[in-house]
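Notes follow the structure.
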There are 2 protein chains.
Amino acid sequence: VTTAPDRSGGSGSGRRGAARERAERLDAADPLRALRARFLLPEGQVYLAGNSLGALPVHVPARVEEVVRRQWGADLVGSWNLHDWWRAPERVGARVARLVGVAADEVVVADSTSVNLFKALVAAARMRPDRRVLVVEPGNFPSDLYVVDAVADLLDREVRRLEPAELPGALAAGLAEQLAVLTYSHVDYRTGELHDMAAITAAAHAAGGLVVWDLSHSAGAVPVDLAGAGVDFAVGCGYKYLCGGPGAPAYVVVARRHQNAVHQPLTGWTGHARPFAMEDRYEPAPGITRMRAGSPPLLSLLALEAALEVFDGVDLAALRARGLSLSRLLIDFVDAVVPEVEVVTPRQDARRGSQVSLRHPRAYAVVRALIDRGVVGDFREPDLIRLGLAPLYVRHVDVVTAVEALRAVLDAGEHQQPRYPQPHVVT
Amino acid sequence: VTTAPDRSGGSGSGRRGAARERAERLDAADPLRALRARFLLPEGQVYLAGNSLGALPVHVPARVEEVVRRQWGADLVGSWNLHDWWRAPERVGARVARLVGVAADEVVVADSTSVNLFKALVAAARMRPDRRVLVVEPGNFPSDLYVVDAVADLLDREVRRLEPAELPGALAAGLAEQLAVLTYSHVDYRTGELHDMAAITAAAHAAGGLVVWDLSHSAGAVPVDLAGAGVDFAVGCGYKYLCGGPGAPAYVVVARRHQNAVHQPLTGWTGHARPFAMEDRYEPAPGITRMRAGSPPLLSLLALEAALEVFDGVDLAALRARGLSLSRLLIDFVDAVVPEVEVVTPRQDARRGSQVSLRHPRAYAVVRALIDRGVVGDFREPDLIRLGLAPLYVRHVDVVTAVEALRAVLDAGEHQQPRYPQPHVVT
């Protein structure tokens with residue numbers, strides 16, 4: 001604990017020293033502290049962008065090399081049988097199932113989140129042919145907004161953009177009769193707010209509609225209980241908290257009760273009931289397989305399969321507790337040490353995912369300056385600093401280091417330097 | 001040259017010895033013979049399934065490892081900028097451009113062939129709103145047939161399945177006024193027949209329709225001149241002759257003259273004009289980028305990028321000459337040595353892709369028995385043995401070995417053994 005004076009006054013450094021001690025105590029007592037060793041993380045960096053791209057699990061490089069050299073290089077086309085490439089989408093889906101709270105045969109890994117959302121929305125809307133309205137939250141991830149619009153255009157439906165809070169009123173005012181499908185993200189990508197999946201799903205069902213949840217920003221960090229909430233469809237990405245590697249394929253969930261009624265429009269041969277019969281007409285495979293379209297990108301898919309082993313033996317409730325502890329510490333410490341920055345993320349645990357977003361008018365420059373200090377978060381238009389707290393590998397001490405770096409950036413005015421002029425690609 | 005007698009009579013072994021000598025001479029004189037060293041091929045195997053899964057280029061494992069360890073593992077989310085992951089789909093597309101005969105900015109790599117066909121067909125049909133008919137060849141790859149049907153269903157159009165030979169008559173009999181989009185495969189996946197892209201495209205254009213070609217079984221082995229033929233759209237896969245690895249992402253081509261008029265329905269954010277502005281409404285990016293949808297599977301995409309270097313410095317006309325020489329030798333030697341097997345592939349060079357298909361009532365068992373003898377081809381329902389002649393790495397001596405193995409399988413009755421009972425997954 002240093003006692004040198006700083007900008008926030010005599011008590012600042014004491015508060016900061018106390019925070020680091022609190023963090024060290026929390027890390028020492030953390031039942032999941034050993035999980036971090038499952039990852040290769042760059043030395044000297046605090047990586048808080050796992051909500052954008054998950055870290056590399058230690059065992060994945062060797063597994064990818066085996067896929068490249070042995071499966072592709074030596075066993076070649078025989079690997080479709082020998083290494084069961086053919087069923088890899090269902091096999092990897094079965095590994096995702098526990099993370100989203102469904103049975104193993106209710107998930108398949110395929111395509112990207114956007115493409116899966118398209119498939120799920122068309123399929124769901126077709127199950128409600130006499131209802132015109134597709135509901136989406138206005139703050140949903142842009143791809144989701146765009147895909148809903150595209151589906152409405154193709155199927156001649158109407159889109160209404162409604163915040164969760166506006167939903168009950170709108171349903172009471174006549175939406176209930178018209179609701180075909182509602183699609184929300186479980187966690188808001190900008191604010192980190194966690195929506196009440198069970199309540200929103202129940203409201204949509206009570207009206208006679210179906211739901212499609214996007215789990216990209218929750219699964220792998222926040223327990224998801226799709227079956228408990230009675231969710232119809234869900235999609236999510238493989239490269240954030242699931243740690244499947246850059247652009248890892250996404251997954252799509254269809255509740256078993258709907259599977260054989262689903263007609264999705266991307267009728268590639270791998271979703272056919274008898275793909276090798278090379279039949280003239282499409283007949284969807286029974287079960288979740290009908291959500292497949294073309295051949296899966298196997299290097300990426302099998303990297304995701306290997307990566308999902310980082311969840312082996314991990315209690316998801318404990319993982320959630322760790323995530324909340326991290327975000328609580330971050331919020332508390334920002335309040336104490338960087339009070340001029342607004343915490344956008346809900347302070348109530350039950351309404352918070354596993355990221356904390358801070359508002360600052362020069363957010364982009366702040367993010368860049370933090371990166372130059374070894375604290376990697378990201379920026380979202382127009383003024384958000386996003387700090388992702390992937391609970392598998394982020395430690396409480398990392399949170400303290402990050403907030404100290406933020407304090408230092410602002411104290412030194414680094415965010416006002418001309419070398420950080422304009423927003424730039426940071427995904 | 002052995003003189004031992006065999007089943008085909010006293011002249012058989014002499015013919016076979018002569019064939020091997022011819023093959024050795026052809027290989028010795030082959031200006032492209034050095035290309036085979038660019039691949040890792042299993043010892044003691046003749047690999048004739050490169051039309052299904054291309055072989056592994058020597059330099060790819062190290063490149064994939066660099067992507068995994070350095071780009072993903074160390075540079076993490078910063079790789080979107082540092083290694084320009086963001087523009088990888090366009091960058092890899094530019095590498096495909098020469099192989100299909102278009103400019104670098106007319107191709108993007110994204111999704112699977114089926115998904116790209118969906119995008120291209122919807123986009124093309126929307127450009128012909130007053131014309132009802134989508135034409136497809138009845139023998140097209142099943143995914144293509146299914147996707148055309150799905151698009152017709154979504155857009156309320158009608159599908160007509162017409163062989164190339166039936167097209168002129170149908171156009172004259174009233175189709176011309178109704179043709180919206182025609183979609184054919186350049187090479188028939190079963191028979192290896194090469195269609196006349198220029199003539200068919202001209203016929204569709206004369207009627208006022210648009211064309212979408214599937215190049216999965218031609219590009220990389222057969223020169224493709226999309227620009228010369230005035231083709232509007234094309235799609236193709238990355239894992240056959242392009243050697244991009246199992247399930248490598250596919251590509252989609254849009255002629256520059258159409259690009260800014262195209263509205264494809266998979267409106268993911270990566271195809272937006274300003275993706276990082278996170279805008280509320282979709283506005284397609286100018287140019288080919290609008291054909292992108294979600295995040296690309298980067299391990300697979302960057303493996304494809306590396307793999308495409310096997311075409312560096314390769315004259316595509318010489319590659320085609322080598323492919324034709326291989327298939328001519330195969331057909332001649334089958335005629336001479338295995339006359340009871342029917343050659344299904346056209347004998348005229350201009351009508352042949354880079355595979356030879358043979359018909360046999362127990363084709364599946366023959367393929368399995370050949371594999372057990374180290375000759376890897378594949379089977380297609382109901383009675384086809386497909387032998388792919390990837391001209392980058394198959395040698396003339398491999399063709400001789402394959403036909404000799406076929407002769408031996410049939411002589412020994414291996415294809416009648418009960419261990420090869422039923423067709424089974426062989427892609």
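Residues are named by chain letter and number: chains run A, B, ... in the order of the structure tokens, numbers start at 1 in each chain, and ligands are numbered from 1 in the order shown.
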* To do: Apply DSSP to the structure's backbone, then extract all residues of range 67-282 of chain A labelled alpha helix (DSSP H) and return them as a count of residues only.
  => 70
* For chain A, work out the contacting residues on chain B at 6 Å, counting only C-alpha atoms, and write them as a PyMOL selection string. => chain B and resi 42+53+56+73-74+77+112+114+142-143+146-147+150+246-248+265+267-269+278+282+294-300
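When CA of Gly388 in chain A is paired with CA of Arg328 in chain A, their separation reads 12.7 Å.
Scanning range 164-208 of chain A with DSSP on the backbone, the strand (DSSP E) assignments fall on Leu179, Ala180, Val181, Leu182, Thr183, Tyr184 and Ser185 of chain A.
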Residue selection dump (N, CA and C atoms) as a PDB file, in the first residue's frame:
ATOM      1  N   LEU A 179     -49.032 -10.749 -32.198  1.00  0.00           N
ATOM      2  CA  LEU A 179     -47.636 -11.135 -31.984  1.00  0.00           C
ATOM      3  C   LEU A 179     -47.339 -12.505 -32.597  1.00  0.00           C
ATOM      4  N   ALA A 180     -46.444 -12.536 -33.550  1.00  0.00           N
ATOM      5  CA  ALA A 180     -45.976 -13.809 -34.106  1.00  0.00           C
ATOM      6  C   ALA A 180     -44.729 -14.266 -33.353  1.00  0.00           C
ATOM      7  N   VAL A 181     -43.692 -13.437 -33.382  1.00  0.00           N
ATOM      8  CA  VAL A 181     -42.405 -13.815 -32.793  1.00  0.00           C
ATOM      9  C   VAL A 181     -41.781 -12.603 -32.110  1.00  0.00           C
ATOM     10  N   LEU A 182     -41.221 -12.857 -30.951  1.00  0.00           N
ATOM     11  CA  LEU A 182     -40.470 -11.821 -30.233  1.00  0.00           C
ATOM     12  C   LEU A 182     -39.016 -12.254 -30.179  1.00  0.00           C
ATOM     13  N   THR A 183     -38.102 -11.348 -30.475  1.00  0.00           N
ATOM     14  CA  THR A 183     -36.681 -11.705 -30.367  1.00  0.00           C
ATOM     15  C   THR A 183     -35.909 -10.617 -29.621  1.00  0.00           C
ATOM     16  N   TYR A 184     -35.265 -11.052 -28.539  1.00  0.00           N
ATOM     17  CA  TYR A 184     -34.467 -10.159 -27.699  1.00  0.00           C
ATOM     18  C   TYR A 184     -33.103 -10.791 -27.484  1.00  0.00           C
ATOM     19  N   SER A 185     -32.160  -9.947 -27.088  1.00  0.00           N
ATOM     20  CA  SER A 185     -30.884 -10.474 -26.609  1.00  0.00           C
ATOM     21  C   SER A 185     -30.956 -10.632 -25.097  1.00  0.00           C
TER      22      SER A 185
END
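Picture a line from CA of Gln259 in chain A to CA of Arg161 in chain A; it runs 27.4 Å.
Proximity to Val254 in chain B was assessed for B:Arg322, B:Arg292, B:Lys240, B:His186 counting only C-alpha atoms; the smallest distance is recorded for B:Arg292.
Between CA of Asp372 in chain B and CA of Ala28 in chain B there is a distance of 28.5 Å.
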* Ile331 in chain A: which residues within 9 Å, counting only C-alpha atoms, same-chain residues fewer than 2 positions away excluded, as a list in words? -> Leu326, Ser327, Arg328, Leu329, Phe333, Val334, Asp335, Ala336, Val343, Thr345, Arg347 and Val356 of chain A
